[in-house]
Each structure stands twice: as C-alpha cells, then as structure tokens.
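Since the structure comes first, as structure tokens, the remarks are kept for the end.
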2 protein chains.
Amino acid sequence: MKIETLAIVGVGLIGGSIGLAARRRGLTRRVLGAGRRRDSLDRAKELGAIDEGFLDASAAVQRADLAVFCTPVDRIADQVLEAAPGCAPGTLLTDAGSTKAAIVRDVERRLPANVFFVGSHPLAGSEKRGPEHAAADLFQAKLTVITRTPRTDPTALERTAAFWRALGARVRVMDPEDHDRALAMTSHLPHLVAAALAGVLPPELCELTATGFRDTTRVAAGEPSLWTAIFVQNRQSLLDALRRLDDSLTRFRKALESGEPAALDVLLTQAKKVRDALGN
Amino acid sequence: MKIETLAIVGVGLIGGSIGLAARRRGLTRRVLGAGRRRDSLDRAKELGAIDEGFLDASAAVQRADLAVFCTPVDRIADQVLEAAPGCAPGTLLTDAGSTKAAIVRDVERRLPANVFFVGSHPLAGSEKRGPEHAAADLFQAKLTVITRTPRTDPTALERTAAFWRALGARVRVMDPEDHDRALAMTSHLPHLVAAALAGVLPPELCELTATGFRDTTRVAAGEPSLWTAIFVQNRQSLLDALRRLDDSLTRFRKALESGEPAALDVLLTQAKKVRDALGN
C-alpha cells in the first residue's frame, strides 16, 4: 500500500489519528486535511496529523488519490458526491462513519463511474473530540468494518482493506445493512442507554456516584449532534435493539418483584459471562 | 484517631485496601484479617494488608477495638451480631456494605448495649475481587457514607467518621433509608442496566463491540452473588429507580419513532450535561 496524496475530511479524533498513523507509518507522501475551522486545521498541522489544511473539502479530495471522510454521518454522502465529479479517474473515496447503509446507498446512487467508494467504519474512538485527542496507534489491532455491495468494485475493496491494515487495523467485510443492525446493538444502544441513565440522575445525587455510574454513562458525554445523526440514520435497527433491551429489563424487573435471589443470580451470572468474554 | 487493634472481616478488594491504608498511615498497631479461605488470608498477609489471619471472624473481632465487616451485604448483620456479645465494652463495629437500611436495622435490634455499631459505605471499588486488587489509596478523596439513626451513639459516629477520614476518605452522614434510595439510582440501577445490556449481546457480535459497549457494561463483570444480595436488600428502591429509567427510555423511543432530530438532540444534550458534570 502506497498513497501519493491522502486527503482527510474532518480532522478530529478519528481523522487526526488517521493522519498521524499514515505519516508515522510512511504510508503516504503527504496528507491534506479539510475542515470548516481554520484553527482546527492549524492544530492538526501543529500536531503532525496533516501537512496542509483546506477549508474547501472538495479542493483537498480532488488533489488526492485516496480520501477518507471523517465527518458526521449526515454530511458524508453529500460531501463525497460533491467532491467526486472533480476527482482524477481511479480515485478511491472511503469514510469513517458509524452508520453505513444510508451513506453507501446515497453515494452509490450518484457516484461517477471512474471514481470508487467503499464504506468504512473503524471501531475506535471515544467520547472525546478534536485532533488533540488523536493518537497514531488508535487503530492498532482494532477492527475496521468495510462494506461490500453488489456494486462494490473488488479492487477498490481490496485497496480499502489494505489502507486500514496499513494503519494497524484488522479488517472485516460486511454488508452495510448487516453492519447497521450489528452496530445498533453493540454501539448505538449502549449510547442510548447511557444517555437515558445519565438523564435520570438528580443533580443532588452527583456526589453519591462512583466508578460504576461513571463507567456506565461515560459515552453519554459524546457530542449530541453526532449521535442524533447516527440515531436517525439507524433508527429502525436501534428501535429493534431497544425492544430487546426492554425485554431484558423486564426479566430483571420480574426477578426483583419476585424477590427470588435465584432468579436474579441467573440473570447476573449470564451477564457476567458475556462481559467477561469481552475483556477489559 | 489511633486504633490499637483493627480487625477486618473479609479481606478482598475493600477489606484489603482498608488494611493497606491503615498500615501505610500508621493508624493502628496491628491489623487482624478474617476470612473463610486460608489462601486468601495468606495472600493478604503477603501483600501487607494484614498482620495475622483468622478463619473465625468473631475471634478476630473480639481482639480488636475497631472492626470493619467487608463481607457480602446478606452476611454482615449476622456476623456483627455473632461477634458483638464477646467484644470488650466500647468496641466499635462498622461495615462497608453497599446497602444500609436492612443491615443497620437488623444490627440495632439486637446489639449489646456496650458495643457500638455505625453503618458505613465507602463509594470505592470495582468489578474486581480479591486482596491482589487492593490499593492503599483506594479511599483517597472518595466519599464514604456513614449512617445515623435515632439509636446511633454520637461518639461512635464521630469515631467512625474519624476512621474513614484517617484512611483518606471524605465522609457524609446519611439516614440509612436515604442512602439506599440514593444508591439505588447511582449504583444499583447502573449495575442492573449494564447487566441487562450485556445480557442481550449475541455471542457473534462480540467482535463488533468497542470501548462504548465495554464501558457501559463494565460493572456487569461484578460477582453475581454479591449483587444479587444487594438487589434483594434494596429491591423496592431499585424497582423505583428502574421505573424512572423506563420513563427515560420511553422518551428516547418516542423521539426515535418520531424521527425528529430535534427531540433526540434535546435528550442527548441533557444527558451530556449531567455526564460532563461528573468528570472522568
């Protein structure tokens, strides 16, 4: 894998980490960063995540042979489709969005024939934002899902996989809809639950929280606008996941109401088994 | 605060940390540890948490001027009442249980007049177990709740507060029922939610979890029997807390069903505000 010019649209935690990892690993000759705020681009440049900053995303993308869109999920398809017509033939475009079905569908519908798009979602990040939280090893040994549809070009798929592997990630190919159903359960539902729990804490009880409450609600500190867009794009699968959680909560409620220690113990033991399997 | 002999019943993460902190801070001349397993006591001694191990809890407690019961919440009252009649007059007994109302009520009902009991709950710990996870600074700047009832001896209350402060903790005095209502929301409900969420993860999706799922479910790795006992002792308040969570989840569901980004954004913004106020 060798990229002449890499463009990163949205140089925050994820975009900044891609830039740091690509430069650290000598993956590319230069990294162009695009963003809406000059000060963010300047910080990303100071931190060594990009070589040059652009306020016009398309201008950066059209100078690149590979571009990654690390912007909010409700912006990605539009930005890809705006930049694509001016790209050199063979340019590979990908993204880092937490939802895939809507983005891939919207992009594939209107993408010029000589430019390629493969959806990506690196399962890395945190509730923090901005290039100052970027890390060159963010993707190391983490999974990145890349999407394949009937319209996906096999060579573009292979190049996308090679790109993420070159950044240290493991790669798994999935159908975009399968991705969204799975992530509804593994990422979007936990966020909803964390927010619902944080939302019921009366201010006077803040002092009586400890690591348990803080761990369980940590992701609720994420940026609301980013998560609103994710929830809206994946609302049907998220509603399905929420129904399964409701069923699970009902089992706990009934066990509590029964006052039967054995019933609670079964539920807590099963949960511990799942959690232990995930590691720290 | 100066203790001649400190007894710790249950030398795990919490009990071990009390021993380490007390010895590190020169709070006591010697620390006696009691437990059901000789190997645990040996490890606690090797780690420097206790000076001597006892398989008979009462034997350790009756040699002490202050004893802390760090055993499962459904064992504490019985152990206190078993040891108390043989204690020297003026002995102070306290505990580290995550529930307080049932323990304090059961103990106060039958405690000999010349032995004192004050309920305690240090808001520290983790899903880990055993003296090897103990830390001398576990209580540093953390809150410990101690309980006051109409029957609490003022001098015993003050000595209990001084004990925890000497271990580095901040102290807050609460009514046992108020404690349990608050902790239902700040600790027991997060545990239930984490377990309910872990419980719905299909095994084939483990690979697709990231830090969000792992943070949100971390406490579900806690020991089921300990948490079953906590849930049973605090079931009414926990059911109340669960109802409030259900209402909160319903607000999210309705916002999702409406497809209105603004409705989701309001909920996520309010949750972020609460979570940000708690710090890391």
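FYI, nothing fancy with the structure tokens labels: chains A, B, ... in order, residues from 1 per chain, ligands from 1 as they appear.
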field: For region 111-114 of chain B: contacts at 7 Å, only C-alpha atoms, fewer than 6 positions along chain excluded, given as a ChimeraX atom specification
entry: /B:81,84-85,89-90
task: From the DSSP assignment of the backbone, select every residue of region 92-130 of chain A that is strand (DSSP E), and format the answer as a ChimeraX atom specification.
output: /A:92-95,116-118,120-122
Chain B contacts to chain A at 7 Å (only C-alpha atoms) as a PyMOL selection string: chain B and resi 123-124+182+186-187+190+194-200+205-206+208-210+212-213+215-222+224-225+228+232+235+239+244-245+248-249+253+256+259+261+264-265+268-272+274-276+278
message: Just the number, please: distance in Å from CA of Leu92 (chain A) to CA of Arg24 (chain A), one decimal.
response: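 Value for the CA of Leu92 (chain A)-CA of Arg24 (chain A) distance: 21.3 Å.
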message: Among region 18-176 of chain B, which ones does DSSP assign to alpha helix (DSSP H) (computed from the backbone)? Answer as a ChimeraX atom specification.
response: /B:18-24,38-46,57-61,73-83,101-110,154-166,176
- prompt: So how many Å separate CA of Thr152 (chain B) and CA of Ala88 (chain B), to one decimal?
  reply: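 Computing the Euclidean distance for CA of Thr152 (chain B) and CA of Ala88 (chain B) yields 18.5 Å.
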- request: Write out as number ranges by chain the residues lying within 9 Å of Ala59 (chain A), counting only C-alpha atoms and excluding same-chain residues fewer than 5 positions away.
  value: A: 34, 54, 83, 86
message: Show me, as number ranges by chain, the residues that have an atom within 12 Å of Gly97 (chain B) when counting only C-alpha atoms, minus same-chain residues fewer than 2 positions from it.
response: B: 9-10, 14-15, 68-77, 94-95, 99-104, 118-125, 144-147, 176, 179-180, 183, 226-227, 229-230, 233-234
field: Nearest to Ala49 (chain A) by atom-to-atom distance, counting only C-alpha atoms, from A:Thr91, A:Ser17, A:Thr160, A:Thr5
entry: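 Of A:Thr91, A:Ser17, A:Thr160, A:Thr5, the one nearest Ala49 (chain A), counting only C-alpha atoms, is A:Ser17.
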